[in-house]
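Next up, query.txt (compact mmCIF, C-alpha atoms):
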# COMPACT_ATOMS: atom_id res chain seq x y z
CA MET A 1 301.06 156.47 232.03
CA THR A 2 302.98 158.80 234.29
CA LEU A 3 301.90 160.67 237.40
CA ARG A 4 301.89 163.83 235.32
CA ASP A 5 299.53 162.29 232.74
CA VAL A 6 297.10 161.42 235.54
CA ILE A 7 297.19 164.95 236.97
CA ASP A 8 296.80 166.45 233.49
CA LYS A 9 293.76 164.28 232.91
CA LEU A 10 292.18 165.12 236.26
CA LEU A 11 292.66 168.84 235.64
CA GLY A 12 291.49 168.57 232.03
CA ARG A 13 294.81 169.92 230.76
CA GLN A 14 296.28 169.13 227.36
CA PRO A 15 298.78 166.26 227.47
CA ALA A 16 302.49 167.11 227.02
CA SER A 17 303.37 167.96 223.43
CA ALA A 18 306.50 165.81 222.92
CA ASN A 19 304.46 162.70 222.22
CA THR A 20 302.27 164.55 219.74
CA ALA A 21 305.42 165.80 218.00
CA LYS A 22 306.80 162.26 217.77
CA GLN A 23 303.60 160.83 216.32
CA ARG A 24 303.23 163.62 213.76
CA LEU A 25 306.85 163.24 212.72
CA GLN A 26 306.57 159.49 212.26
CA LEU A 27 303.56 159.93 210.01
CA VAL A 28 305.07 162.68 207.88
CA LEU A 29 308.39 160.83 207.57
CA ALA A 30 306.64 157.66 206.38
CA HIS A 31 305.37 159.70 203.43
CA ASP A 32 308.62 161.64 202.88
CA ARG A 33 310.72 158.49 202.87
CA SER A 34 308.51 156.50 200.51
CA ASP A 35 308.53 159.41 198.06
CA LEU A 36 304.95 158.51 197.06
CA ASN A 37 302.76 161.48 196.29
CA PRO A 38 299.31 161.44 197.88
CA GLU A 39 297.57 160.87 194.53
CA LEU A 40 299.67 157.83 193.77
CA LEU A 41 299.01 156.49 197.25
CA GLN A 42 295.27 157.02 196.78
CA GLN A 43 295.34 155.23 193.44
CA MET A 44 297.28 152.31 194.93
CA ARG A 45 294.80 152.19 197.81
CA ARG A 46 291.86 152.03 195.37
CA GLU A 47 293.47 149.31 193.29
CA ILE A 48 294.38 147.19 196.32
CA LEU A 49 290.81 147.44 197.59
CA GLU A 50 289.54 146.57 194.12
CA VAL A 51 291.66 143.42 193.90
CA VAL A 52 290.83 142.27 197.41
CA SER A 53 287.12 142.95 196.95
CA ARG A 54 287.07 140.57 193.96
CA TYR A 55 287.58 137.75 196.41
CA VAL A 56 286.00 138.94 199.62
CA GLU A 57 283.52 141.52 200.75
CA ILE A 58 285.40 144.24 202.62
CA ASP A 59 284.15 146.67 205.19
CA PHE A 60 285.14 149.87 203.35
CA GLU A 61 284.31 152.06 206.32
CA GLU A 62 286.77 150.29 208.57
CA GLY A 63 289.40 149.50 205.93
CA ASP A 64 292.70 151.31 205.90
CA VAL A 65 295.85 151.27 203.76
CA THR A 66 298.57 153.40 205.32
CA LEU A 67 302.30 153.95 205.36
CA GLU A 68 304.20 153.33 208.57
CA THR A 69 307.86 153.86 209.29
CA GLY A 70 310.44 152.61 211.73
CA ASP A 71 314.23 152.43 211.70
CA ARG A 72 314.41 154.07 208.27
CA VAL A 73 312.23 151.37 206.66
CA THR A 74 308.81 152.26 205.34
CA ALA A 75 306.04 149.66 205.28
CA LEU A 76 302.71 149.67 203.49
CA VAL A 77 300.18 148.36 205.96
CA ALA A 78 296.74 147.23 204.81
CA ASN A 79 294.12 146.54 207.44
CA LEU A 80 291.00 145.30 205.68
CA PRO A 81 288.19 143.81 207.79
CA ILE A 82 286.44 141.09 205.77
CA ARG A 83 282.67 140.77 205.97
CA ARG A 84 282.43 137.50 204.08
CA ALA A 85 283.97 135.60 201.20
CA LYS A 86 282.42 136.09 197.78
CA LEU A 87 283.22 132.71 196.23
CA PRO A 88 281.65 129.58 197.67
CA ALA A 89 283.87 129.19 200.67
CA PRO A 90 284.79 125.65 201.70
CA THR A 91 284.85 126.59 205.39
CA PRO A 92 283.45 129.55 207.28
CA ILE A 93 285.98 132.30 207.85
CA SER A 94 287.02 132.36 211.44
CA GLU A 95 289.42 135.30 211.24
CA PRO A 96 287.43 138.55 210.98
CA THR A 97 290.31 140.71 209.79
CA MET A 98 293.15 140.22 207.38
CA GLU A 99 296.37 142.06 207.85
CA SER A 100 299.11 142.12 205.26
CA GLU A 101 302.43 143.89 205.27
CA LEU A 102 304.61 144.72 202.32
CA SER A 103 308.04 146.05 203.12
CA SER A 104 309.47 148.55 200.71
CA MET B 105 350.06 162.81 197.52
CA ALA B 106 346.99 163.26 199.65
CA ALA B 107 347.31 161.79 203.11
CA THR B 108 345.00 158.79 203.01
CA SER B 109 344.13 159.33 206.64
CA THR B 110 342.56 162.76 206.03
CA ARG B 111 338.97 162.85 207.18
CA TYR B 112 336.56 164.81 205.00
CA ILE B 113 333.52 165.58 207.14
CA LEU B 114 330.38 167.30 205.92
CA ILE B 115 328.46 169.29 208.52
CA CYS B 116 324.86 169.57 207.38
CA SER B 117 321.28 169.85 208.60
CA GLY B 118 318.82 170.55 205.82
CA LYS B 119 317.07 173.26 207.80
CA GLY B 120 318.83 176.59 208.30
CA GLY B 121 319.57 178.12 211.67
CA VAL B 122 320.03 174.92 213.66
CA GLY B 123 323.74 175.48 214.30
CA LYS B 124 325.79 174.04 211.42
CA THR B 125 328.20 176.94 211.16
CA THR B 126 328.54 177.32 214.93
CA LEU B 127 329.40 173.61 215.18
CA THR B 128 331.90 173.86 212.30
CA ALA B 129 333.68 176.83 213.89
CA ASN B 130 333.81 175.31 217.39
CA LEU B 131 334.76 171.86 216.16
CA GLY B 132 337.48 173.29 213.92
CA ILE B 133 339.04 175.19 216.81
CA ALA B 134 338.70 172.24 219.21
CA LEU B 135 340.35 169.80 216.79
CA ALA B 136 343.16 172.26 216.09
CA LYS B 137 343.70 172.71 219.83
CA GLN B 138 343.95 168.95 220.19
CA GLY B 139 346.83 169.04 217.72
CA ALA B 140 345.06 168.04 214.50
CA ARG B 141 345.82 170.08 211.38
CA THR B 142 342.31 171.23 210.47
CA ALA B 143 340.84 173.08 207.50
CA VAL B 144 337.33 174.47 207.54
CA LEU B 145 335.79 174.93 204.11
CA ASP B 146 332.85 177.28 203.83
CA ALA B 147 330.67 175.58 201.21
CA ASP B 148 327.80 178.00 201.72
CA PHE B 149 328.58 180.22 198.74
CA GLY B 150 325.23 181.99 198.86
CA LEU B 151 325.27 183.08 202.49
CA ARG B 152 328.78 182.71 203.90
CA ASN B 153 329.21 183.19 207.63
CA LEU B 154 331.95 180.88 208.80
CA ASP B 155 334.53 183.69 208.47
CA LEU B 156 332.44 185.85 210.81
CA LEU B 157 332.02 183.20 213.52
CA LEU B 158 335.76 182.55 213.48
CA GLY B 159 336.59 186.26 213.60
CA LEU B 160 338.47 186.05 210.29
CA GLU B 161 336.22 188.25 208.16
CA ASN B 162 338.76 191.06 207.83
CA ARG B 163 341.62 188.84 206.72
CA ILE B 164 340.14 187.36 203.56
CA VAL B 165 342.05 188.19 200.39
CA TYR B 166 341.34 185.29 198.06
CA THR B 167 338.61 182.64 198.13
CA ALA B 168 337.85 179.18 196.75
CA GLN B 169 336.93 180.93 193.51
CA GLU B 170 340.49 182.14 192.79
CA VAL B 171 341.91 178.77 193.83
CA LEU B 172 339.67 176.99 191.32
CA ALA B 173 340.44 179.53 188.60
CA GLU B 174 344.14 179.03 189.43
CA THR B 175 344.68 182.76 189.78
CA CYS B 176 346.14 182.14 193.24
CA ARG B 177 347.75 179.28 195.12
CA LEU B 178 345.84 177.45 197.84
CA GLU B 179 348.26 178.83 200.47
CA GLN B 180 347.37 182.39 199.48
CA ALA B 181 343.66 181.80 199.91
CA LEU B 182 343.87 179.93 203.21
CA VAL B 183 343.32 182.18 206.23
CA LYS B 184 345.31 180.89 209.16
CA HIS B 185 343.82 181.49 212.62
CA LYS B 186 346.18 183.68 214.67
CA GLN B 187 345.65 182.12 218.09
CA GLU B 188 345.21 178.60 216.75
CA PRO B 189 347.65 178.16 213.83
CA ASN B 190 346.58 174.53 213.30
CA LEU B 191 343.32 175.89 211.92
CA ALA B 192 342.83 177.45 208.50
CA LEU B 193 339.72 178.68 206.72
CA LEU B 194 339.14 178.44 203.01
CA PRO B 195 336.53 181.16 202.41
CA ALA B 196 333.52 180.61 200.17
CA GLY B 197 333.66 182.31 196.80
CA ASN B 198 331.27 184.74 195.23
CA PRO B 199 327.57 183.74 195.18
CA ARG B 200 327.70 184.03 191.37
CA MET B 201 329.89 180.90 191.40
CA LEU B 202 326.74 178.91 192.12
CA GLU B 203 325.86 179.28 188.45
CA TRP B 204 328.74 177.12 187.28
CA LEU B 205 330.11 175.29 190.31
CA GLN B 206 330.02 171.49 189.94
CA PRO B 207 330.52 168.61 192.40
CA ASP B 208 333.88 167.94 190.72
CA ASP B 209 335.09 171.43 191.63
CA MET B 210 334.40 170.74 195.29
CA ARG B 211 336.14 167.36 195.05
CA LYS B 212 339.15 169.14 193.60
CA ILE B 213 339.29 171.68 196.43
CA ALA B 214 338.87 168.97 199.07
CA ALA B 215 341.67 166.90 197.56
CA MET B 216 343.99 169.93 197.61
CA LEU B 217 343.20 170.54 201.28
CA GLY B 218 343.71 166.85 202.04
CA GLU B 219 347.38 167.17 201.10
CA GLN B 220 348.16 169.25 204.14
CA PHE B 221 345.38 168.70 206.67
CA ASP B 222 344.23 165.85 208.91
CA TYR B 223 340.63 167.10 208.99
CA VAL B 224 338.65 168.90 206.30
CA LEU B 225 335.37 170.17 207.77
CA ILE B 226 332.87 171.23 205.13
CA ASP B 227 330.17 173.65 206.26
CA ALA B 228 327.21 172.81 204.01
CA PRO B 229 324.55 175.31 202.99
CA ALA B 230 320.96 174.81 204.17
CA GLY B 231 318.63 173.07 201.74
CA ILE B 232 319.04 169.96 199.63
CA GLU B 233 319.63 171.56 196.23
CA GLY B 234 322.72 172.07 194.09
CA GLY B 235 324.78 173.89 196.70
CA PHE B 236 324.28 171.07 199.18
CA LYS B 237 325.03 168.41 196.59
CA ASN B 238 328.28 170.16 195.66
CA ALA B 239 329.30 170.24 199.32
CA MET B 240 328.35 166.59 199.78
CA ALA B 241 330.56 165.57 196.85
CA ALA B 242 333.65 166.69 198.77
CA ALA B 243 332.86 164.59 201.86
CA ARG B 244 333.40 161.00 202.89
CA GLU B 245 331.56 161.15 206.21
CA ALA B 246 328.97 163.46 207.73
CA ILE B 247 327.72 165.04 210.91
CA VAL B 248 324.03 165.90 210.82
CA VAL B 249 323.03 168.72 213.17
CA THR B 250 319.44 168.99 214.34
CA THR B 251 317.41 170.48 217.16
CA PRO B 252 314.58 168.64 218.96
CA GLU B 253 311.92 170.31 216.79
CA VAL B 254 309.66 168.67 214.23
CA SER B 255 310.76 170.80 211.27
CA ALA B 256 314.48 170.35 211.96
CA VAL B 257 314.13 166.59 212.43
CA ARG B 258 312.09 166.23 209.27
CA ASP B 259 314.64 168.16 207.22
CA ALA B 260 317.50 166.19 208.78
CA ASP B 261 315.74 163.02 207.65
CA ARG B 262 315.70 164.23 204.04
CA VAL B 263 319.40 165.01 204.21
CA ILE B 264 320.19 161.60 205.70
CA GLY B 265 318.31 160.00 202.80
CA LEU B 266 320.54 161.86 200.32
CA LEU B 267 323.73 161.02 202.25
CA ASN B 268 322.74 157.35 202.30
CA SER B 269 322.10 157.29 198.57
CA GLU B 270 325.53 158.83 197.93
CA GLY B 271 327.24 156.30 200.19
CA VAL B 272 328.51 158.93 202.64
CA LYS B 273 329.32 157.18 205.93
CA PRO B 274 329.53 157.09 208.82
CA ILE B 275 326.77 159.61 209.49
CA GLN B 276 326.59 160.80 213.08
CA LEU B 277 324.17 163.08 214.88
CA VAL B 278 324.67 166.20 216.97
CA LEU B 279 321.54 167.25 218.85
CA ASN B 280 321.74 170.98 219.36
CA ARG B 281 319.95 173.53 221.55
CA VAL B 282 318.51 171.04 224.01
CA ARG B 283 316.49 172.52 226.87
CA PRO B 284 316.63 170.06 229.78
CA LYS B 285 313.67 171.59 231.58
CA MET B 286 311.36 171.35 228.58
CA MET B 287 312.57 167.83 227.89
CA ALA B 288 311.91 166.83 231.50
CA ASN B 289 308.38 168.22 231.20
CA GLN B 290 307.95 166.26 227.96
CA GLU B 291 307.32 169.46 226.07
CA MET B 292 310.31 168.80 223.80
CA LEU B 293 311.19 165.69 221.78
CA GLY B 294 313.45 163.46 223.88
CA VAL B 295 316.99 162.46 222.95
CA SER B 296 315.99 158.87 222.20
CA ASP B 297 312.93 160.05 220.24
CA VAL B 298 315.25 161.87 217.83
CA THR B 299 317.96 159.19 217.61
CA ASP B 300 315.31 156.47 217.10
CA ILE B 301 313.48 158.38 214.38
CA LEU B 302 316.65 159.29 212.48
CA ALA B 303 318.38 155.96 213.29
CA LEU B 304 321.77 157.62 213.80
CA PRO B 305 324.38 157.28 216.56
CA LEU B 306 324.65 160.33 218.82
CA LEU B 307 328.01 162.09 218.49
CA GLY B 308 327.11 164.96 220.77
CA LEU B 309 324.42 166.76 222.70
CA VAL B 310 324.62 170.54 223.11
CA LEU B 311 322.48 172.37 225.62
CA GLU B 312 320.84 175.69 224.77
CA ASP B 313 323.38 178.24 225.96
CA GLU B 314 323.40 182.05 225.83
CA GLN B 315 327.19 182.02 225.71
CA VAL B 316 326.96 180.85 222.09
CA ILE B 317 325.49 184.21 221.11
CA VAL B 318 328.08 186.10 223.16
CA SER B 319 330.87 184.17 221.44
CA THR B 320 329.52 184.83 217.95
CA ASN B 321 329.25 188.53 218.80
CA ARG B 322 332.98 188.51 219.48
CA GLY B 323 334.02 186.15 216.69
CA GLU B 324 335.65 183.90 219.25
CA PRO B 325 334.25 180.35 219.33
CA LEU B 326 333.65 178.96 222.82
CA THR B 327 336.24 176.26 222.29
CA LEU B 328 338.90 178.91 221.58
CA THR B 329 338.62 180.82 224.84
CA GLY B 330 338.44 177.71 226.98
CA ASN B 331 335.04 178.94 228.11
CA SER B 332 333.66 176.26 230.39
CA SER B 333 330.05 176.98 229.49
CA PRO B 334 327.86 173.92 228.81
CA ALA B 335 327.94 174.41 225.02
CA GLY B 336 331.71 174.95 224.99
CA ARG B 337 332.27 171.68 226.87
CA ALA B 338 329.88 169.87 224.54
CA TYR B 339 331.71 171.05 221.40
CA THR B 340 335.09 170.05 222.84
CA ASN B 341 333.68 166.61 223.63
CA VAL B 342 332.37 166.22 220.07
CA ALA B 343 335.93 166.83 218.83
CA ARG B 344 337.39 164.32 221.29
CA ARG B 345 334.85 161.67 220.28
CA LEU B 346 335.69 162.29 216.61
CA GLN B 347 339.32 161.60 217.52
CA GLY B 348 338.27 158.25 218.96
CA GLU B 349 338.05 159.03 222.66
CA GLU B 350 335.17 157.42 224.50
CA ILE B 351 333.33 160.08 226.47
CA PRO B 352 329.76 159.48 227.56
CA VAL B 353 327.16 161.91 226.20
CA ILE B 354 325.54 163.97 228.97
CA ASP B 355 322.06 163.07 230.17
CA PRO B 356 319.92 166.24 230.04
CA SER B 357 317.72 165.02 232.90
CA LYS B 358 320.80 164.89 235.17
CA GLU B 359 321.69 168.48 234.34
CA ARG B 360 318.99 169.78 236.64
CA GLN B 361 319.53 169.61 240.36
CA GLY B 362 317.41 170.51 243.36
CA LEU B 363 313.93 169.92 244.63
CA ARG B 364 312.07 171.05 241.51
CA ALA B 365 314.08 168.69 239.32
CA LYS B 366 313.42 165.83 241.76
CA LEU B 367 309.71 166.59 241.70
CA GLY B 368 309.85 166.73 237.89
CA ARG B 369 311.45 163.29 237.73
CA LEU B 370 308.85 161.92 240.15
CA MET B 371 306.11 163.23 237.86
CA GLN B 372 307.62 161.32 234.92
CA THR B 373 307.79 158.01 236.76
CA LYS B 374 305.63 155.43 235.06
CA ILE B 375 302.95 154.35 237.52
CA PHE B 376 300.96 152.02 235.23

Translate this file's structure into structure tokens.
Amino acid sequence: MTLRDVIDKLLGRQPASANTAKQRLQLVLAHDRSDLNPELLQQMRREILEVVSRYVEIDFEEGDVTLETGDRVTALVANLPIRRAKLPAPTPISEPTMESELSS
Amino acid sequence: MAATSTRYILICSGKGGVGKTTLTANLGIALAKQGARTAVLDADFGLRNLDLLLGLENRIVYTAQEVLAETCRLEQALVKHKQEPNLALLPAGNPRMLEWLQPDDMRKIAAMLGEQFDYVLIDAPAGIEGGFKNAMAAAREAIVVTTPEVSAVRDADRVIGLLNSEGVKPIQLVLNRVRPKMMANQEMLGVSDVTDILALPLLGLVLEDEQVIVSTNRGEPLTLTGNSSPAGRAYTNVARRLQGEEIPVIDPSKERQGLRAKLGRLMQTKIF
């Protein structure tokens, strides 16, 4: 945080726009670069959730499958908080969330 | 035989109006001044403007169209710059050529130019359609021009994707129309924001400069008149870097002097 950010916050001003521009660009480029149309992405999201929910109970509200990009590489990032395992689990699950990354 | 050392450089951006043609004109003149035999090829057949920026619009007799149809020799179509005889323009043909022009036609023209020039600069049209793909076919390397704006950076990214898939390299970046004050206030994407997002090396940084408009009014590129305006210096440095000279790129935050600039830098200091 810079001095300017602090002053902006104190005065209730909007933060500088460059950072907003960067974030919006990164999001839109992740989609542009993967060349996936939104419908296809939605379908993939549904199917991934379907497969994962066969094995574990997922928190659908908190779950998220998104595209992220960096250095001209796009990654599919799934962040799916698990409520509990469906099959008789040998040991209690200690890790509350499961994160998987598939590089394209 | 074509000189194997000829460099065929595409100047492209995706988005229109970011400064492709201005860069092509200034770079062409600067390279010619530095002693390199340079041809500029206007590949924007739909909306040609390179002739106008170079002040050569009244001297066009033949174009790329007649050269391809073999109704004239290349020498007849080339328009030599009066003050800078190392530079020649091959004008774009009629917009109707877009109906039949193929990538192979552009390769043919580029190869002909390569026989007598050290540099062939190809001014690409905006967009990523047929016209752009024809222009790309003639190039081995590319300079992508963008401004620090979301739409220009996004379009540049699309173009870089196409260049990568065609194996055009190296691809270098020229960041145009930078406003140091806005950048310092973080109201404009920073230099590293753009180079990180596009993952390209920075070949040049050009500050927003009113002199560019004055020079286009006259048809005399800034690099021709030895104008020492910020943009003129930046274009000359791009040419020198292309020739292999190592010149550091300016730091926009250092371009501002005085108390206000100091205060601005203080405001950007990370405190936690």

Pick out the residues sitting within 10 Å of Met201 in chain B, and hand them over as a list in words; count only C-alpha atoms, and ignore anything fewer than 3 positions along from it in its own chain.
-> Phe149, Gly150, Ala168, Gln169, Ala196, Gly197, Asn198, Trp204, Leu205 and Gln206 of chain B

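Candidate residues B:Asn130, B:Thr167, B:Ser296, B:Asn153 were compared for distance to chain A, and the nearest is B:Ser296, using all atoms listed in the file.
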
Write down, as a short mmCIF file (atom, residue, chain, number, x, y, z; two decimals) with C-alpha atoms, in the coordinates of the input, each residue of chain A that has any atom within 6 Å of an atom of chain B, counting only C-alpha atoms.
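Result file iface.cif:
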data_model
loop_
_atom_site.label_atom_id
_atom_site.label_comp_id
_atom_site.auth_asym_id
_atom_site.auth_seq_id
_atom_site.Cartn_x
_atom_site.Cartn_y
_atom_site.Cartn_z
CA MET A 1 301.06 156.47 232.03
CA THR A 2 302.98 158.80 234.29
CA LEU A 3 301.90 160.67 237.40
CA ARG A 4 301.89 163.83 235.32
CA ALA A 16 302.49 167.11 227.02
CA SER A 17 303.37 167.96 223.43
CA ALA A 18 306.50 165.81 222.92
CA ASP A 71 314.23 152.43 211.70
#

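Between Arg72 in chain A and the residues A:Leu49, A:Gln23, A:Arg33, A:Pro15, the shortest atom-to-atom distance, using only C-alpha atoms, involves A:Arg33.
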
Within 10 Å of Lys273 in chain B, counting all atoms listed in the file, which residues qualify if same-chain residues fewer than 6 places away don't, as a PyMOL selection string?
-> chain B and resi 113+243-247+267

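The protein and nucleic acid residues lying at most 8 Å from Met240 in chain B are B:Leu114, B:Pro207, B:Ala228, B:Phe236, B:Lys237, B:Ala243, B:Leu267, with only C-alpha atoms considered and sequence neighbours fewer than 3 positions away removed.
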
Output range 67-77 of chain A with all heavy atoms present, as an mmCIF file, in the coordinates of the input.
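So the final result, stored in part_26.cif, reads:
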data_model
loop_
_atom_site.group_PDB
_atom_site.id
_atom_site.type_symbol
_atom_site.label_atom_id
_atom_site.label_comp_id
_atom_site.auth_asym_id
_atom_site.auth_seq_id
_atom_site.Cartn_x
_atom_site.Cartn_y
_atom_site.Cartn_z
ATOM 1 N N LEU A 67 300.848 154.121 205.310
ATOM 2 C CA LEU A 67 302.300 153.950 205.360
ATOM 3 C C LEU A 67 302.733 154.089 206.809
ATOM 4 O O LEU A 67 302.280 154.977 207.526
ATOM 5 C CB LEU A 67 302.985 155.028 204.523
ATOM 6 C CG LEU A 67 302.827 154.914 203.016
ATOM 7 C CD1 LEU A 67 303.430 156.140 202.355
ATOM 8 C CD2 LEU A 67 303.481 153.658 202.489
ATOM 9 N N GLU A 68 303.629 153.204 207.233
ATOM 10 C CA GLU A 68 304.200 153.330 208.570
ATOM 11 C C GLU A 68 305.703 153.253 208.430
ATOM 12 O O GLU A 68 306.215 152.679 207.477
ATOM 13 C CB GLU A 68 303.702 152.203 209.477
ATOM 14 C CG GLU A 68 302.269 152.420 209.921
ATOM 15 C CD GLU A 68 301.763 151.282 210.779
ATOM 16 O OE1 GLU A 68 302.578 150.467 211.240
ATOM 17 O OE2 GLU A 68 300.539 151.233 210.970
ATOM 18 N N THR A 69 306.411 153.859 209.397
ATOM 19 C CA THR A 69 307.860 153.860 209.290
ATOM 20 C C THR A 69 308.524 153.562 210.620
ATOM 21 O O THR A 69 307.988 153.864 211.677
ATOM 22 C CB THR A 69 308.369 155.216 208.731
ATOM 23 O OG1 THR A 69 309.758 155.121 208.471
ATOM 24 C CG2 THR A 69 308.112 156.354 209.700
ATOM 25 N N GLY A 70 309.647 152.902 210.541
ATOM 26 C CA GLY A 70 310.440 152.610 211.730
ATOM 27 C C GLY A 70 311.826 152.227 211.296
ATOM 28 O O GLY A 70 311.994 151.491 210.326
ATOM 29 N N ASP A 71 312.846 152.765 211.989
ATOM 30 C CA ASP A 71 314.230 152.430 211.700
ATOM 31 C C ASP A 71 314.591 152.615 210.222
ATOM 32 O O ASP A 71 315.266 151.802 209.607
ATOM 33 C CB ASP A 71 314.512 150.984 212.129
ATOM 34 C CG ASP A 71 315.965 150.835 212.572
ATOM 35 O OD1 ASP A 71 316.612 151.863 212.814
ATOM 36 O OD2 ASP A 71 316.435 149.695 212.642
ATOM 37 N N ARG A 72 314.137 153.691 209.654
ATOM 38 C CA ARG A 72 314.410 154.070 208.270
ATOM 39 C C ARG A 72 313.855 153.095 207.233
ATOM 40 O O ARG A 72 314.300 153.055 206.099
ATOM 41 C CB ARG A 72 315.912 154.294 208.039
ATOM 42 C CG ARG A 72 316.521 155.354 208.928
ATOM 43 C CD ARG A 72 317.740 155.988 208.304
ATOM 44 N NE ARG A 72 317.403 156.711 207.097
ATOM 45 C CZ ARG A 72 316.920 157.933 207.092
ATOM 46 N NH1 ARG A 72 316.707 158.570 208.196
ATOM 47 N NH2 ARG A 72 316.635 158.518 205.956
ATOM 48 N N VAL A 73 312.893 152.245 207.625
ATOM 49 C CA VAL A 73 312.230 151.370 206.660
ATOM 50 C C VAL A 73 310.750 151.741 206.649
ATOM 51 O O VAL A 73 310.135 151.889 207.699
ATOM 52 C CB VAL A 73 312.388 149.893 207.047
ATOM 53 C CG1 VAL A 73 311.643 149.012 206.063
ATOM 54 C CG2 VAL A 73 313.856 149.515 207.094
ATOM 55 N N THR A 74 310.218 151.913 205.448
ATOM 56 C CA THR A 74 308.810 152.260 205.340
ATOM 57 C C THR A 74 308.019 151.031 204.938
ATOM 58 O O THR A 74 308.437 150.274 204.070
ATOM 59 C CB THR A 74 308.618 153.375 204.304
ATOM 60 O OG1 THR A 74 309.383 154.505 204.719
ATOM 61 C CG2 THR A 74 307.157 153.789 204.205
ATOM 62 N N ALA A 75 306.873 150.821 205.585
ATOM 63 C CA ALA A 75 306.040 149.660 205.280
ATOM 64 C C ALA A 75 304.657 150.145 204.863
ATOM 65 O O ALA A 75 304.141 151.128 205.380
ATOM 66 C CB ALA A 75 305.931 148.756 206.494
ATOM 67 N N LEU A 76 304.090 149.414 203.889
ATOM 68 C CA LEU A 76 302.710 149.670 203.490
ATOM 69 C C LEU A 76 301.863 148.695 204.295
ATOM 70 O O LEU A 76 302.032 147.487 204.203
ATOM 71 C CB LEU A 76 302.563 149.411 201.989
ATOM 72 C CG LEU A 76 301.177 149.621 201.404
ATOM 73 C CD1 LEU A 76 300.835 151.093 201.372
ATOM 74 C CD2 LEU A 76 301.111 149.048 200.003
ATOM 75 N N VAL A 77 300.973 149.226 205.094
ATOM 76 C CA VAL A 77 300.180 148.360 205.960
ATOM 77 C C VAL A 77 298.712 148.445 205.555
ATOM 78 O O VAL A 77 298.116 149.515 205.532
ATOM 79 C CB VAL A 77 300.334 148.790 207.449
ATOM 80 C CG1 VAL A 77 299.529 147.875 208.344
ATOM 81 C CG2 VAL A 77 301.799 148.773 207.842
#
